[in-house]
2 protein chains.
Amino acid sequence: MARAALSADAVVDVALRLVDEEGSTALTLAAVASRAGVATPSLYKHVRNLAELRALLSVRILDELNDEISGAVQGRSADDAIRALLTTWRNYVLTHPHRYSALDQSPQPQVEQAGERLVNIMLAALRAYDLEDSAAIHAARCLRAVAHGFAVLEIDQGFQLPEKLNESYDLMIHMVITGLRTPAPKTVGPVE
Amino acid sequence: MARAALSADAVVDVALRLVDEEGSTALTLAAVASRAGVATPSLYKHVRNLAELRALLSVRILDELNDEISGAVQGRSADDAIRALLTTWRNYVLTHPHRYSALDQSPQPQVEQAGERLVNIMLAALRAYDLEDSAAIHAARCLRAVAHGFAVLEIDQGFQLPEKLNESYDLMIHMVITGLRTPAPKTVGPVE
DNA sequence: AGGCTTGGCTAATGACATTAGCTTTTGAGC
DNA sequence: GCTCAAAAGCTAATGTCATTAGCCAAGCCT
(Lines give C-alpha, C1' and ligand atoms only; values in the text may rest on other atoms or scores of the structure.)
Protein backbone atom coordinates (compact mmCIF):
# COMPACT_ATOMS: atom_id res chain seq x y z
CA MET A 1 0.00 0.00 0.00
CA ALA A 2 1.11 3.54 -0.60
CA ARG A 3 0.86 6.68 1.48
CA ALA A 4 -0.88 5.50 4.61
CA ALA A 5 -3.13 8.53 4.48
CA LEU A 6 -6.77 8.25 3.56
CA SER A 7 -9.14 5.30 3.34
CA ALA A 8 -12.81 4.95 2.67
CA ASP A 9 -13.45 5.00 6.38
CA ALA A 10 -11.35 8.10 6.89
CA VAL A 11 -13.23 9.85 4.11
CA VAL A 12 -16.50 9.01 5.81
CA ASP A 13 -15.04 10.37 9.05
CA VAL A 14 -14.30 13.67 7.40
CA ALA A 15 -17.72 13.74 5.75
CA LEU A 16 -19.37 13.10 9.08
CA ARG A 17 -17.54 15.96 10.74
CA LEU A 18 -18.37 18.20 7.83
CA VAL A 19 -22.05 17.37 8.05
CA ASP A 20 -22.07 17.89 11.80
CA GLU A 21 -20.53 21.31 11.51
CA GLU A 22 -22.04 22.68 8.32
CA GLY A 23 -25.17 20.70 7.64
CA SER A 24 -26.00 18.06 5.12
CA THR A 25 -26.22 20.46 2.20
CA ALA A 26 -22.53 21.25 2.66
CA LEU A 27 -21.64 17.69 1.84
CA THR A 28 -19.76 17.99 -1.45
CA LEU A 29 -16.71 16.15 -2.62
CA ALA A 30 -14.89 19.46 -2.91
CA ALA A 31 -15.56 20.28 0.73
CA VAL A 32 -14.59 16.83 1.94
CA ALA A 33 -11.40 16.90 -0.09
CA SER A 34 -10.49 20.30 1.23
CA ARG A 35 -10.94 19.15 4.81
CA ALA A 36 -8.97 16.04 4.12
CA GLY A 37 -6.16 18.17 2.73
CA VAL A 38 -6.36 16.53 -0.65
CA ALA A 39 -7.43 17.41 -4.18
CA THR A 40 -11.00 16.52 -5.09
CA PRO A 41 -10.25 13.77 -7.61
CA SER A 42 -8.12 11.96 -5.07
CA LEU A 43 -11.25 10.97 -3.22
CA TYR A 44 -12.18 8.73 -6.11
CA LYS A 45 -9.40 6.43 -5.05
CA HIS A 46 -11.39 5.60 -1.94
CA VAL A 47 -14.99 6.10 -2.91
CA ARG A 48 -16.73 5.36 -6.17
CA ASN A 49 -18.55 8.68 -6.33
CA LEU A 50 -20.63 11.08 -4.29
CA ALA A 51 -23.59 8.73 -4.19
CA GLU A 52 -21.48 6.02 -2.63
CA LEU A 53 -20.06 8.41 -0.08
CA ARG A 54 -23.60 9.37 0.89
CA ALA A 55 -24.52 5.73 1.21
CA LEU A 56 -21.49 4.96 3.36
CA LEU A 57 -22.24 7.93 5.54
CA SER A 58 -25.84 6.80 5.92
CA VAL A 59 -24.69 3.38 6.99
CA ARG A 60 -22.34 4.91 9.52
CA ILE A 61 -25.13 7.03 10.95
CA LEU A 62 -27.73 4.29 10.97
CA ASP A 63 -25.31 2.00 12.76
CA GLU A 64 -24.65 4.61 15.38
CA LEU A 65 -28.38 5.09 15.87
CA ASN A 66 -28.68 1.33 16.07
CA ASP A 67 -26.09 1.14 18.80
CA GLU A 68 -27.68 3.81 20.91
CA ILE A 69 -31.09 2.26 20.59
CA SER A 70 -30.03 -1.25 21.31
CA GLY A 71 -28.17 -0.03 24.36
CA ALA A 72 -31.27 1.73 25.61
CA VAL A 73 -33.53 -1.23 24.99
CA GLN A 74 -31.24 -3.69 26.77
CA GLY A 75 -32.86 -5.09 29.87
CA ARG A 76 -36.24 -3.57 29.23
CA SER A 77 -39.26 -5.18 27.73
CA ALA A 78 -42.70 -4.46 26.41
CA ASP A 79 -43.99 -0.94 27.01
CA ASP A 80 -40.80 0.01 28.70
CA ALA A 81 -38.72 -1.11 25.79
CA ILE A 82 -40.89 0.68 23.27
CA ARG A 83 -40.71 3.87 25.27
CA ALA A 84 -36.95 3.61 25.53
CA LEU A 85 -36.62 2.89 21.85
CA LEU A 86 -38.69 5.83 20.70
CA THR A 87 -37.22 8.21 23.22
CA THR A 88 -33.70 7.26 22.32
CA TRP A 89 -34.44 7.65 18.65
CA ARG A 90 -35.69 11.15 19.15
CA ASN A 91 -32.83 12.05 21.45
CA TYR A 92 -30.37 10.93 18.82
CA VAL A 93 -32.07 13.01 16.18
CA LEU A 94 -32.11 16.09 18.37
CA THR A 95 -28.52 15.62 19.42
CA HIS A 96 -27.29 15.20 15.84
CA PRO A 97 -29.89 16.87 13.65
CA HIS A 98 -27.52 17.29 10.73
CA ARG A 99 -26.59 13.67 10.80
CA TYR A 100 -30.16 12.56 10.66
CA SER A 101 -31.00 14.80 7.76
CA ALA A 102 -27.95 13.53 5.91
CA LEU A 103 -29.50 10.09 5.81
CA ASP A 104 -29.78 8.92 2.27
CA GLN A 105 -33.17 8.41 0.78
CA SER A 106 -32.02 6.59 -2.32
CA PRO A 107 -32.19 2.84 -1.89
CA GLN A 108 -28.65 1.51 -1.84
CA PRO A 109 -28.39 -2.10 -0.71
CA GLN A 110 -25.85 -1.31 2.03
CA VAL A 111 -28.18 1.25 3.50
CA GLU A 112 -31.07 -1.16 3.40
CA GLN A 113 -29.03 -3.64 5.40
CA ALA A 114 -28.43 -1.09 8.10
CA GLY A 115 -32.16 -0.43 8.05
CA GLU A 116 -32.82 -4.11 8.53
CA ARG A 117 -30.59 -4.19 11.57
CA LEU A 118 -32.77 -1.46 12.99
CA VAL A 119 -35.85 -3.48 12.27
CA ASN A 120 -34.36 -6.42 14.11
CA ILE A 121 -33.86 -4.36 17.21
CA MET A 122 -37.47 -3.32 17.01
CA LEU A 123 -38.59 -6.89 16.62
CA ALA A 124 -36.60 -7.80 19.71
CA ALA A 125 -38.23 -4.99 21.65
CA LEU A 126 -41.62 -6.23 20.52
CA ARG A 127 -41.02 -9.82 21.52
CA ALA A 128 -42.77 -9.42 24.87
CA TYR A 129 -46.07 -8.70 23.19
CA ASP A 130 -46.46 -12.24 21.87
CA LEU A 131 -47.26 -11.10 18.39
CA GLU A 132 -47.41 -13.46 15.48
CA ASP A 133 -44.49 -13.09 13.12
CA SER A 134 -46.29 -11.01 10.56
CA ALA A 135 -47.97 -8.90 13.21
CA ALA A 136 -44.58 -8.15 14.68
CA ILE A 137 -43.33 -6.98 11.31
CA HIS A 138 -46.28 -4.68 10.93
CA ALA A 139 -45.64 -3.32 14.39
CA ALA A 140 -41.98 -2.75 13.66
CA ARG A 141 -42.83 -0.86 10.52
CA CYS A 142 -45.19 1.32 12.49
CA LEU A 143 -42.52 2.05 15.04
CA ARG A 144 -40.15 3.04 12.33
CA ALA A 145 -42.67 5.18 10.51
CA VAL A 146 -43.69 6.92 13.66
CA ALA A 147 -40.17 7.68 14.84
CA HIS A 148 -38.99 8.70 11.42
CA GLY A 149 -42.00 10.84 10.63
CA PHE A 150 -41.73 12.77 13.83
CA ALA A 151 -38.00 13.15 13.41
CA VAL A 152 -38.24 14.51 9.90
CA LEU A 153 -40.97 16.95 10.74
CA GLU A 154 -39.27 18.12 13.87
CA ILE A 155 -35.92 18.63 12.18
CA ASP A 156 -36.78 20.53 9.09
CA GLN A 157 -40.18 21.90 9.73
CA GLY A 158 -39.66 23.01 13.25
CA PHE A 159 -43.41 22.87 13.92
CA GLN A 160 -44.09 25.85 16.11
CA LEU A 161 -44.46 26.00 19.90
CA PRO A 162 -41.30 24.05 20.59
CA GLU A 163 -41.95 23.72 24.30
CA LYS A 164 -44.75 21.27 23.72
CA LEU A 165 -43.03 18.85 21.42
CA ASN A 166 -42.21 16.51 24.26
CA GLU A 167 -45.89 16.15 24.99
CA SER A 168 -46.71 15.48 21.36
CA TYR A 169 -44.13 12.76 21.32
CA ASP A 170 -45.47 11.29 24.53
CA LEU A 171 -48.88 11.13 22.95
CA MET A 172 -47.45 9.31 19.99
CA ILE A 173 -45.69 6.83 22.23
CA HIS A 174 -48.98 6.34 24.01
CA MET A 175 -50.73 5.65 20.72
CA VAL A 176 -48.19 3.03 19.78
CA ILE A 177 -48.33 1.27 23.11
CA THR A 178 -52.08 1.18 23.50
CA GLY A 179 -52.39 0.19 19.87
CA LEU A 180 -50.13 -2.75 20.51
CA ARG A 181 -52.08 -3.81 23.58
CA THR A 182 -55.51 -3.48 22.06
CA PRO A 183 -56.68 -6.40 19.90
CA ALA A 184 -55.69 -6.02 16.27
CA PRO A 185 -58.46 -4.65 14.08
CA LYS A 186 -60.02 -6.45 11.18
CA THR A 187 -58.41 -5.12 8.04
CA VAL A 188 -60.56 -2.36 6.68
CA GLY A 189 -61.10 -1.85 2.99
CA PRO A 190 -60.15 1.39 1.31
CA VAL A 191 -62.19 4.39 2.30
CA GLU A 192 -64.43 6.04 -0.29
CA MET B 1 -47.45 43.44 -20.61
CA ALA B 2 -45.37 41.81 -23.26
CA ARG B 3 -45.53 38.37 -24.84
CA ALA B 4 -48.40 36.72 -23.01
CA ALA B 5 -46.40 33.52 -22.66
CA LEU B 6 -45.15 32.24 -19.31
CA SER B 7 -46.06 33.10 -15.74
CA ALA B 8 -45.00 31.82 -12.38
CA ASP B 9 -47.97 29.50 -12.35
CA ALA B 10 -47.19 28.17 -15.79
CA VAL B 11 -43.63 27.48 -14.75
CA VAL B 12 -44.89 25.51 -11.79
CA ASP B 13 -47.19 23.61 -14.14
CA VAL B 14 -44.25 22.60 -16.26
CA ALA B 15 -42.21 21.68 -13.20
CA LEU B 16 -45.03 19.53 -11.91
CA ARG B 17 -45.30 17.63 -15.16
CA LEU B 18 -41.56 17.21 -15.24
CA VAL B 19 -41.50 15.79 -11.73
CA ASP B 20 -44.38 13.46 -12.48
CA GLU B 21 -42.68 12.05 -15.52
CA GLU B 22 -39.03 12.03 -14.55
CA GLY B 23 -38.89 12.14 -10.78
CA SER B 24 -37.96 14.86 -8.37
CA THR B 25 -34.24 14.64 -9.05
CA ALA B 26 -34.91 15.70 -12.63
CA LEU B 27 -36.19 19.04 -11.43
CA THR B 28 -33.61 21.50 -12.73
CA LEU B 29 -34.12 24.92 -14.20
CA ALA B 30 -32.52 23.73 -17.40
CA ALA B 31 -35.05 20.92 -17.75
CA VAL B 32 -37.99 23.15 -16.94
CA ALA B 33 -36.84 25.79 -19.40
CA SER B 34 -36.38 23.22 -22.10
CA ARG B 35 -39.90 21.91 -21.60
CA ALA B 36 -41.25 25.40 -21.56
CA GLY B 37 -39.50 26.09 -24.85
CA VAL B 38 -37.46 28.88 -23.40
CA ALA B 39 -33.85 29.60 -22.47
CA THR B 40 -32.90 28.88 -18.89
CA PRO B 41 -32.30 32.46 -17.75
CA SER B 42 -35.76 33.45 -18.94
CA LEU B 43 -37.25 31.56 -16.02
CA TYR B 44 -35.78 34.14 -13.69
CA LYS B 45 -38.35 36.59 -14.99
CA HIS B 46 -41.03 34.50 -13.29
CA VAL B 47 -39.31 32.85 -10.39
CA ARG B 48 -36.61 34.17 -8.13
CA ASN B 49 -34.47 31.05 -8.28
CA LEU B 50 -34.59 27.28 -8.03
CA ALA B 51 -35.33 27.36 -4.33
CA GLU B 52 -38.40 29.47 -4.90
CA LEU B 53 -39.59 27.21 -7.68
CA ARG B 54 -39.26 24.27 -5.33
CA ALA B 55 -41.22 26.12 -2.70
CA LEU B 56 -43.98 27.06 -5.14
CA LEU B 57 -44.15 23.50 -6.33
CA SER B 58 -44.39 22.25 -2.76
CA VAL B 59 -47.24 24.62 -2.08
CA ARG B 60 -49.03 23.42 -5.19
CA ILE B 61 -48.63 19.82 -4.12
CA LEU B 62 -49.56 20.37 -0.51
CA ASP B 63 -52.68 22.23 -1.58
CA GLU B 64 -53.68 19.40 -3.83
CA LEU B 65 -53.16 16.94 -1.01
CA ASN B 66 -55.17 19.26 1.19
CA ASP B 67 -58.05 19.26 -1.26
CA GLU B 68 -58.18 15.52 -1.56
CA ILE B 69 -58.05 15.04 2.15
CA SER B 70 -60.66 17.61 3.02
CA GLY B 71 -62.95 16.11 0.41
CA ALA B 72 -62.52 12.68 1.94
CA VAL B 73 -63.07 13.89 5.47
CA GLN B 74 -66.24 15.82 4.60
CA GLY B 75 -69.25 14.36 6.31
CA ARG B 76 -67.30 11.94 8.43
CA SER B 77 -66.32 12.31 12.02
CA ALA B 78 -64.21 10.76 14.72
CA ASP B 79 -62.70 7.38 13.90
CA ASP B 80 -64.23 7.45 10.48
CA ALA B 81 -62.72 10.80 9.68
CA ILE B 82 -59.30 9.77 10.91
CA ARG B 83 -59.39 6.63 8.85
CA ALA B 84 -60.45 8.59 5.78
CA LEU B 85 -57.77 11.17 6.34
CA LEU B 86 -54.94 8.70 6.70
CA THR B 87 -56.14 6.49 3.90
CA THR B 88 -56.51 9.39 1.52
CA TRP B 89 -53.08 10.66 2.43
CA ARG B 90 -51.50 7.36 1.59
CA ASN B 91 -53.50 7.00 -1.59
CA TYR B 92 -52.32 10.37 -2.74
CA VAL B 93 -48.73 9.47 -2.05
CA LEU B 94 -49.00 6.19 -3.90
CA THR B 95 -50.78 7.78 -6.83
CA HIS B 96 -48.20 10.55 -7.19
CA PRO B 97 -45.03 9.25 -5.58
CA HIS B 98 -42.80 11.68 -7.41
CA ARG B 99 -44.86 14.61 -6.32
CA TYR B 100 -44.65 13.64 -2.73
CA SER B 101 -40.93 13.19 -2.80
CA ALA B 102 -40.57 16.57 -4.48
CA LEU B 103 -41.94 18.20 -1.36
CA ASP B 104 -39.48 20.71 -0.06
CA GLN B 105 -37.85 20.14 3.25
CA SER B 106 -36.39 23.61 3.63
CA PRO B 107 -38.61 25.87 5.66
CA GLN B 108 -40.02 28.55 3.37
CA PRO B 109 -42.85 30.56 4.89
CA GLN B 110 -45.22 29.87 1.99
CA VAL B 111 -44.72 26.16 2.43
CA GLU B 112 -45.30 26.41 6.13
CA GLN B 113 -48.64 28.08 5.45
CA ALA B 114 -49.73 25.21 3.27
CA GLY B 115 -48.66 22.91 6.07
CA GLU B 116 -50.80 24.85 8.49
CA ARG B 117 -53.82 24.42 6.27
CA LEU B 118 -53.22 20.70 6.49
CA VAL B 119 -53.06 20.93 10.25
CA ASN B 120 -56.38 22.74 10.29
CA ILE B 121 -58.05 19.94 8.40
CA MET B 122 -56.67 17.52 10.92
CA LEU B 123 -57.95 19.61 13.79
CA ALA B 124 -61.38 19.62 12.19
CA ALA B 125 -61.30 15.87 11.85
CA LEU B 126 -60.33 15.60 15.49
CA ARG B 127 -63.10 17.82 16.75
CA ALA B 128 -65.39 14.94 17.57
CA TYR B 129 -63.01 13.65 20.20
CA ASP B 130 -63.62 16.57 22.53
CA LEU B 131 -59.97 17.21 23.07
CA GLU B 132 -58.67 20.28 24.79
CA ASP B 133 -57.03 22.74 22.44
CA SER B 134 -53.50 21.73 23.20
CA ALA B 135 -54.36 18.05 23.17
CA ALA B 136 -55.84 18.48 19.73
CA ILE B 137 -52.64 20.06 18.51
CA HIS B 138 -50.62 17.19 19.85
CA ALA B 139 -52.96 14.78 18.15
CA ALA B 140 -52.74 16.62 14.84
CA ARG B 141 -48.97 16.52 15.00
CA CYS B 142 -49.10 12.80 15.59
CA LEU B 143 -51.38 12.32 12.62
CA ARG B 144 -49.02 14.25 10.45
CA ALA B 145 -45.94 12.47 11.71
CA VAL B 146 -47.54 9.09 11.25
CA ALA B 147 -48.81 9.75 7.73
CA HIS B 148 -45.61 11.42 6.64
CA GLY B 149 -43.32 8.85 8.16
CA PHE B 150 -45.07 5.98 6.51
CA ALA B 151 -45.23 7.83 3.21
CA VAL B 152 -41.54 8.61 3.17
CA LEU B 153 -40.51 5.11 4.09
CA GLU B 154 -42.89 3.52 1.63
CA ILE B 155 -41.82 5.74 -1.23
CA ASP B 156 -38.09 5.64 -1.09
CA GLN B 157 -37.30 2.65 0.99
CA GLY B 158 -39.81 0.31 -0.47
CA PHE B 159 -39.73 -1.88 2.65
CA GLN B 160 -39.98 -5.39 1.40
CA LEU B 161 -43.03 -7.64 1.12
CA PRO B 162 -45.20 -5.05 -0.60
CA GLU B 163 -48.37 -7.09 -0.36
CA LYS B 164 -48.61 -6.54 3.35
CA LEU B 165 -48.18 -2.81 3.48
CA ASN B 166 -51.91 -2.28 3.64
CA GLU B 167 -52.01 -4.28 6.83
CA SER B 168 -49.14 -2.33 8.34
CA TYR B 169 -50.95 0.86 7.59
CA ASP B 170 -54.16 -0.48 9.08
CA LEU B 171 -52.28 -1.27 12.24
CA MET B 172 -50.97 2.26 12.35
CA ILE B 173 -54.44 3.68 11.89
CA HIS B 174 -55.58 1.43 14.69
CA MET B 175 -52.83 2.74 16.94
CA VAL B 176 -53.83 6.30 16.30
CA ILE B 177 -57.50 5.71 16.91
CA THR B 178 -57.18 3.67 20.06
CA GLY B 179 -54.57 6.09 21.32
CA LEU B 180 -57.01 8.92 20.86
CA ARG B 181 -59.77 7.05 22.67
CA THR B 182 -57.68 5.88 25.59
CA PRO B 183 -57.10 8.42 28.35
CA ALA B 184 -54.01 10.53 27.79
CA PRO B 185 -50.97 9.34 29.70
CA LYS B 186 -49.11 11.28 32.32
CA THR B 187 -46.10 12.84 30.68
CA VAL B 188 -43.14 10.61 31.22
CA GLY B 189 -39.69 11.95 31.84
CA PRO B 190 -36.82 11.14 29.51
CA VAL B 191 -35.68 7.58 29.54
CA GLU B 192 -32.19 6.84 30.85
C1' DA C 1 -45.81 58.21 -32.63
C1' DG C 2 -43.12 57.55 -28.48
C1' DG C 3 -41.69 55.46 -24.63
C1' DC C 4 -41.79 52.52 -20.65
C1' DT C 5 -42.23 47.94 -19.04
C1' DT C 6 -41.97 43.16 -19.63
C1' DG C 7 -40.23 38.98 -21.12
C1' DG C 8 -37.03 36.89 -23.72
C1' DC C 9 -32.08 36.12 -25.36
C1' DT C 10 -26.89 35.49 -25.42
C1' DA C 11 -22.67 35.57 -22.96
C1' DA C 12 -20.08 34.98 -18.91
C1' DT C 13 -18.99 33.15 -14.26
C1' DG C 14 -18.40 29.99 -10.76
C1' DA C 15 -19.42 25.70 -8.22
C1' DC C 16 -19.56 20.91 -8.77
C1' DA C 17 -18.84 15.95 -10.20
C1' DT C 18 -16.46 13.15 -12.93
C1' DT C 19 -12.82 11.21 -16.16
C1' DA C 20 -8.18 10.75 -18.15
C1' DG C 21 -3.64 10.39 -17.76
C1' DC C 22 0.70 11.39 -15.35
C1' DT C 23 3.78 10.98 -11.16
C1' DT C 24 5.29 9.55 -6.84
C1' DT C 25 5.45 6.69 -3.00
C1' DT C 26 5.96 2.38 -0.87
C1' DG C 27 5.84 -2.23 0.37
C1' DA C 28 7.03 -7.05 -1.15
C1' DG C 29 10.00 -10.04 -2.77
C1' DC C 30 14.45 -10.85 -4.30
C1' DG D 1 19.72 -2.60 -0.76
C1' DC D 2 17.14 -2.95 -5.54
C1' DT D 3 13.31 -3.42 -8.52
C1' DC D 4 8.88 -2.89 -9.66
C1' DA D 5 4.00 -2.93 -9.67
C1' DA D 6 0.19 -1.28 -7.34
C1' DA D 7 -1.76 2.39 -4.65
C1' DA D 8 -2.66 7.10 -3.91
C1' DG D 9 -1.97 11.44 -5.20
C1' DC D 10 -2.04 15.41 -8.65
C1' DT D 11 -3.23 18.53 -12.72
C1' DA D 12 -5.98 19.31 -16.64
C1' DA D 13 -10.18 18.89 -19.06
C1' DT D 14 -15.22 18.27 -19.69
C1' DG D 15 -19.96 18.82 -18.92
C1' DT D 16 -23.88 20.20 -16.24
C1' DC D 17 -25.98 23.46 -13.42
C1' DA D 18 -27.49 27.96 -11.28
C1' DT D 19 -27.05 32.52 -11.46
C1' DT D 20 -25.98 37.39 -13.08
C1' DA D 21 -25.33 41.09 -16.45
C1' DG D 22 -26.59 43.40 -20.16
C1' DC D 23 -28.95 43.64 -24.63
C1' DC D 24 -33.29 43.57 -27.70
C1' DA D 25 -38.00 43.19 -29.13
C1' DA D 26 -42.68 43.53 -28.40
C1' DG D 27 -46.72 45.19 -26.67
C1' DC D 28 -49.51 48.60 -24.09
C1' DC D 29 -50.76 53.44 -22.70
C1' DT D 30 -50.93 57.94 -23.74
# chains A, B, ... in the order shown; residues from 1 in each chain; ligands from 1
call {"tool": "residues_around", "arguments": {"residues": "region 5-9 of chain C", "least_positions_apart": "6", "cutoff": "10 Å", "atoms": "only C-alpha atoms (C1' of nucleotides)", "output": "list in words"}}
result
Met1, Ala2, Arg3, Ala4, Ala5, Leu6, Ser7, Val38, Ala39, Thr40, Pro41, Ser42, Leu43, Tyr44, Lys45 and His46 of chain B; DC23, DC24, DA25, DA26, DG27 and DC28 of chain D
call {"tool": "residues_around", "arguments": {"residues": "Met175 (chain B)", "least_positions_apart": "3", "cutoff": "6 Å", "atoms": "only C-alpha atoms (C1' of nucleotides)", "output": "mmCIF file with N, CA, C and O atoms, in the first residue's frame"}}
result
data_model
loop_
_atom_site.group_PDB
_atom_site.id
_atom_site.type_symbol
_atom_site.label_atom_id
_atom_site.label_comp_id
_atom_site.auth_asym_id
_atom_site.auth_seq_id
_atom_site.Cartn_x
_atom_site.Cartn_y
_atom_site.Cartn_z
ATOM 1 N N MET A 175 -49.945 6.269 21.788
ATOM 2 C CA MET A 175 -50.728 5.649 20.716
ATOM 3 C C MET A 175 -50.138 4.296 20.339
ATOM 4 O O MET A 175 -50.856 3.310 20.179
ATOM 5 N N VAL A 176 -48.836 4.276 20.191
ATOM 6 C CA VAL A 176 -48.194 3.029 19.779
ATOM 7 C C VAL A 176 -48.436 1.938 20.816
ATOM 8 O O VAL A 176 -48.834 0.814 20.482
ATOM 9 N N GLY A 179 -52.039 0.897 21.104
ATOM 10 C CA GLY A 179 -52.394 0.191 19.868
ATOM 11 C C GLY A 179 -51.859 -1.226 19.860
ATOM 12 O O GLY A 179 -52.479 -2.135 19.315
ATOM 13 N N MET B 172 -51.327 0.917 11.910
ATOM 14 C CA MET B 172 -50.968 2.257 12.353
ATOM 15 C C MET B 172 -52.218 3.109 12.583
ATOM 16 O O MET B 172 -52.309 3.856 13.559
ATOM 17 N N THR B 178 -57.055 4.126 18.663
ATOM 18 C CA THR B 178 -57.185 3.666 20.058
ATOM 19 C C THR B 178 -56.429 4.603 20.986
ATOM 20 O O THR B 178 -56.861 4.856 22.102
ATOM 21 N N GLY B 179 -55.316 5.134 20.499
ATOM 22 C CA GLY B 179 -54.567 6.085 21.324
ATOM 23 C C GLY B 179 -55.378 7.328 21.619
ATOM 24 O O GLY B 179 -55.254 7.931 22.696
#
call {"tool": "atom_distance", "arguments": {"atom1": "CA of Val73 (chain A)", "atom2": "CA of Leu180 (chain B)"}}
result
25.9 Å
call {"tool": "interface_residues", "arguments": {"of": "chain D", "to": "chain A", "cutoff": "10 Å", "atoms": "only C-alpha atoms (C1' of nucleotides)", "output": "list in words"}}
result
DA6, DA7, DA8, DG9, DC10 and DT11 of chain D
call {"tool": "interface_residues", "arguments": {"of": "chain A", "to": "chain B", "cutoff": "6 Å", "atoms": "only C-alpha atoms", "output": "list in words"}}
result
Ala84, Gln105, Pro107, His138, Cys142, Ala145, Val146, His148, Gly149, Phe150, Asp156, Gln157, Ser168, Met172, Met175, Val176, Thr178, Gly179 and Val191 of chain A
call {"tool": "closest_residue", "arguments": {"among": "C:DG2, C:DG29, C:DT23, C:DA15", "to": "chain A", "atoms": "only C-alpha atoms (C1' of nucleotides)"}}
result
C:DA15
call {"tool": "residues_around", "arguments": {"residues": "Leu56 (chain B)", "least_positions_apart": "5", "cutoff": "9 Å", "atoms": "only C-alpha atoms (C1' of nucleotides)", "output": "PyMOL selection string"}}
result
chain B and resi 8-9+12+51+61+110-111
